[in-house]
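In what follows, a single structure is set out as structure tokens and then discussed.
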Amino acid sequence: MTIKGYEITPFRAVVPDIPEVATNSLDPQRIKATQEISITGLRTEATTLHSAGEQAAEMLADCGRRVSRREYHALIELLDANPAFIADRWVRETYVDLAKRRVLTRRRGRIEGKRRFHPLVVAGLVEHLIATGQAATPERAFWFLHEQDVLKYETARDLYYRGRRQDRFRSILLEFPDLTRRISLEEGNALLRSARVLRPGEEMIYRGHHPVLGETELVIRGS
């Protein structure tokens, strides 16, 4: 088979991040008083475009099935899980349609995840306590936060494992086939030659300047 050209389909990848707490800056009293935590950066879990695409497709399909059963609150729950889904054409069109019909309502009861601390922030606190030797295990970290009156043990444990297990804290990838375009064989080969594939453990670093944060760097690591 002879390749005559390539098709390029734009996509958007959304990868949740875990804050890295600044060394020796975990002040329980400050956290309680101001709800502020000093961080030095953000870390994402290892992922692949394939798994992120499958995750997004699965969540969209599940939402579609529920909406077809008139569980219209499923669409709001999908956007609660990850607002980036609003970029999907079906989500936008369905949202507008349900809103016009006045059936776009939230399910009764407590709003999922409405707490003082985001689950991924709790994950960052737990990792910091373990890395600095203040706790040997996640369980001990939960007790530390409890004893310091930052979070109750049960709450810290629930939020930590929620951030590890729930779909809304996993990477997703959304494709936009409506914007697919064709390019020549020469253009495609030039793009492929410019791409860099990282081997396990290999790093690629981009440095820049943020108007508020100052000097920043983005580290991409192969796994």
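Here's how to read the names in the structure tokens: chain A, B, ... by the order shown, residue numbers from 1 in each chain, ligand numbers from 1 in the order shown.
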Could you list, as a ChimeraX atom specification, every residue within 12 Å of range 178-195 of chain A, counting only C-alpha atoms and ignoring same-chain residues fewer than 5 positions away?
/A:2-11,88-89
Determine which residues of range 86-153 of chain A receive a DSSP assignment of helix (DSSP H, G or I), computed from the backbone, and state them as a ChimeraX atom specification.
/A:86-87,89-100,119-131,138-147,153
Go ahead and write the selection's residues with N, CA and C atoms as a short mmCIF file (atom, residue, chain, number, x, y, z; two decimals), in the first residue's frame.
```cif
data_model
loop_
_atom_site.label_atom_id
_atom_site.label_comp_id
_atom_site.auth_asym_id
_atom_site.auth_seq_id
_atom_site.Cartn_x
_atom_site.Cartn_y
_atom_site.Cartn_z
N ILE A 86 -17.10 19.92 27.87
CA ILE A 86 -17.95 20.88 27.16
C ILE A 86 -17.41 21.13 25.76
N ALA A 87 -16.15 20.79 25.51
CA ALA A 87 -15.56 20.95 24.18
C ALA A 87 -16.12 19.92 23.20
N ARG A 89 -18.75 18.13 20.92
CA ARG A 89 -19.92 18.65 20.20
C ARG A 89 -21.22 18.06 20.73
N TRP A 90 -21.25 16.74 20.98
CA TRP A 90 -22.48 16.12 21.48
C TRP A 90 -22.86 16.69 22.83
N VAL A 91 -21.89 16.91 23.70
CA VAL A 91 -22.17 17.47 25.03
C VAL A 91 -22.78 18.86 24.90
N ARG A 92 -22.19 19.70 24.05
CA ARG A 92 -22.70 21.06 23.89
C ARG A 92 -24.13 21.07 23.35
N GLU A 93 -24.34 20.28 22.29
CA GLU A 93 -25.66 20.27 21.67
C GLU A 93 -26.72 19.69 22.61
N THR A 94 -26.35 18.65 23.34
CA THR A 94 -27.29 18.05 24.28
C THR A 94 -27.59 18.99 25.44
N TYR A 95 -26.57 19.68 25.90
CA TYR A 95 -26.74 20.63 27.00
C TYR A 95 -27.75 21.71 26.59
N VAL A 96 -27.57 22.30 25.41
CA VAL A 96 -28.47 23.35 24.94
C VAL A 96 -29.89 22.80 24.77
N ASP A 97 -30.01 21.62 24.21
CA ASP A 97 -31.32 21.02 23.98
C ASP A 97 -32.06 20.77 25.29
N LEU A 98 -31.36 20.19 26.27
CA LEU A 98 -32.00 19.91 27.55
C LEU A 98 -32.35 21.18 28.30
N ALA A 99 -31.48 22.19 28.16
CA ALA A 99 -31.75 23.47 28.82
C ALA A 99 -32.99 24.13 28.23
N LYS A 100 -33.15 24.07 26.90
CA LYS A 100 -34.33 24.65 26.26
C LYS A 100 -35.60 23.93 26.70
N PRO A 119 -9.66 16.54 46.46
CA PRO A 119 -8.97 15.26 46.67
C PRO A 119 -7.51 15.25 46.22
N LEU A 120 -7.18 15.92 45.11
CA LEU A 120 -5.80 15.90 44.64
C LEU A 120 -4.89 16.77 45.51
N VAL A 121 -5.47 17.76 46.21
CA VAL A 121 -4.68 18.54 47.17
C VAL A 121 -4.35 17.65 48.37
N VAL A 122 -5.31 16.85 48.80
CA VAL A 122 -5.05 15.92 49.90
C VAL A 122 -3.97 14.92 49.50
N ALA A 123 -4.02 14.46 48.24
CA ALA A 123 -2.98 13.55 47.76
C ALA A 123 -1.61 14.21 47.83
N GLY A 124 -1.55 15.50 47.49
CA GLY A 124 -0.29 16.22 47.57
C GLY A 124 0.21 16.35 48.99
N LEU A 125 -0.69 16.60 49.95
CA LEU A 125 -0.30 16.69 51.36
C LEU A 125 0.22 15.35 51.87
N VAL A 126 -0.48 14.29 51.51
CA VAL A 126 -0.06 12.95 51.95
C VAL A 126 1.32 12.60 51.40
N GLU A 127 1.55 12.87 50.11
CA GLU A 127 2.85 12.58 49.51
C GLU A 127 3.95 13.41 50.16
N HIS A 128 3.64 14.65 50.51
CA HIS A 128 4.63 15.51 51.16
C HIS A 128 5.01 14.95 52.54
N LEU A 129 4.02 14.54 53.30
CA LEU A 129 4.29 14.01 54.64
C LEU A 129 5.15 12.74 54.58
N ILE A 130 4.90 11.91 53.58
CA ILE A 130 5.70 10.69 53.43
C ILE A 130 7.11 11.02 52.95
N ALA A 131 7.23 11.94 51.99
CA ALA A 131 8.54 12.30 51.43
C ALA A 131 9.44 12.96 52.47
N PRO A 138 0.42 6.25 53.93
CA PRO A 138 -0.75 7.13 53.80
C PRO A 138 -1.62 7.11 55.05
N GLU A 139 -1.79 5.93 55.67
CA GLU A 139 -2.62 5.86 56.88
C GLU A 139 -2.07 6.75 57.99
N ARG A 140 -0.74 6.74 58.16
CA ARG A 140 -0.15 7.60 59.19
C ARG A 140 -0.31 9.07 58.81
N ALA A 141 -0.28 9.37 57.53
CA ALA A 141 -0.48 10.75 57.08
C ALA A 141 -1.90 11.21 57.39
N PHE A 142 -2.87 10.31 57.23
CA PHE A 142 -4.26 10.66 57.56
C PHE A 142 -4.37 11.00 59.04
N TRP A 143 -3.70 10.21 59.88
CA TRP A 143 -3.75 10.46 61.32
C TRP A 143 -3.03 11.77 61.67
N PHE A 144 -1.94 12.06 60.96
CA PHE A 144 -1.22 13.32 61.19
C PHE A 144 -2.15 14.51 60.93
N LEU A 145 -2.83 14.48 59.79
CA LEU A 145 -3.75 15.57 59.45
C LEU A 145 -4.89 15.66 60.47
N HIS A 146 -5.31 14.50 60.98
CA HIS A 146 -6.37 14.46 61.99
C HIS A 146 -5.87 15.08 63.31
N GLU A 147 -4.68 14.66 63.73
CA GLU A 147 -4.14 15.15 65.00
C GLU A 147 -3.83 16.64 64.97
N TYR A 153 -9.71 12.15 60.21
CA TYR A 153 -9.09 10.97 59.63
C TYR A 153 -9.94 10.39 58.51
#
```
Excluding same-chain residues fewer than 6 positions from Asp17 in chain A, what lies within 12 Å of it counting only C-alpha atoms, as a list in words?
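Result of the neighbour search: Gly41, Leu42, Arg43, Thr44, Glu45, Ala46, Thr47, His118, Pro119, Leu120, Val121, Val122, Ala123, Gly124, Gly163, Arg164, Arg168, Phe169, Arg170 and Ser171 of chain A.
Restricting the calculation to only C-alpha atoms, the smallest distance between His50 in chain A and any of A:Leu151, A:Gly208, A:Glu175, A:Glu202 is found for A:Glu175.
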Mind listing the strand (DSSP E or B) residues of range 13-61 of chain A, per DSSP on the backbone, as an mmCIF file with C-alpha atoms, in the first residue's frame?
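Here's the written file result.cif:
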```cif
data_model
loop_
_atom_site.group_PDB
_atom_site.id
_atom_site.type_symbol
_atom_site.label_atom_id
_atom_site.label_comp_id
_atom_site.auth_asym_id
_atom_site.auth_seq_id
_atom_site.Cartn_x
_atom_site.Cartn_y
_atom_site.Cartn_z
ATOM 1 C CA ALA A 13 -5.712 16.188 26.390
ATOM 2 C CA VAL A 14 -6.618 17.007 29.995
ATOM 3 C CA ASP A 17 -2.237 17.304 38.463
ATOM 4 C CA ILE A 18 -1.162 16.825 42.070
ATOM 5 C CA PRO A 19 0.407 19.811 43.877
ATOM 6 C CA GLU A 20 3.932 19.391 45.242
ATOM 7 C CA VAL A 21 4.007 21.008 48.676
ATOM 8 C CA ILE A 39 3.508 24.629 46.538
ATOM 9 C CA THR A 40 6.576 24.430 44.318
ATOM 10 C CA GLY A 41 4.937 22.841 41.301
ATOM 11 C CA LEU A 42 2.450 20.344 39.934
ATOM 12 C CA ARG A 43 2.958 16.680 39.082
ATOM 13 C CA THR A 44 0.815 14.528 36.819
#
```
Considering only C-alpha atoms, can you say which of A:Pro16, A:Arg101, A:Gly64, A:Glu58 comes closest to Ala84 in chain A?
A:Pro16
Within 12 Å of Arg199 in chain A, counting only C-alpha atoms, which residues show up once you throw out same-chain ones fewer than 4 positions away? Write them as number ranges by chain, please.
A: 203-204, 220-223
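Proximity of A:Leu173, A:Thr132, A:Tyr160, A:Tyr72 to Ala57 in chain A, computed with only C-alpha atoms, is greatest for A:Leu173.
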So, counting only C-alpha atoms, which residue among A:Gly201, A:Arg162, A:Gln55, A:Arg106 is closest to Glu71 in chain A?
A:Arg106
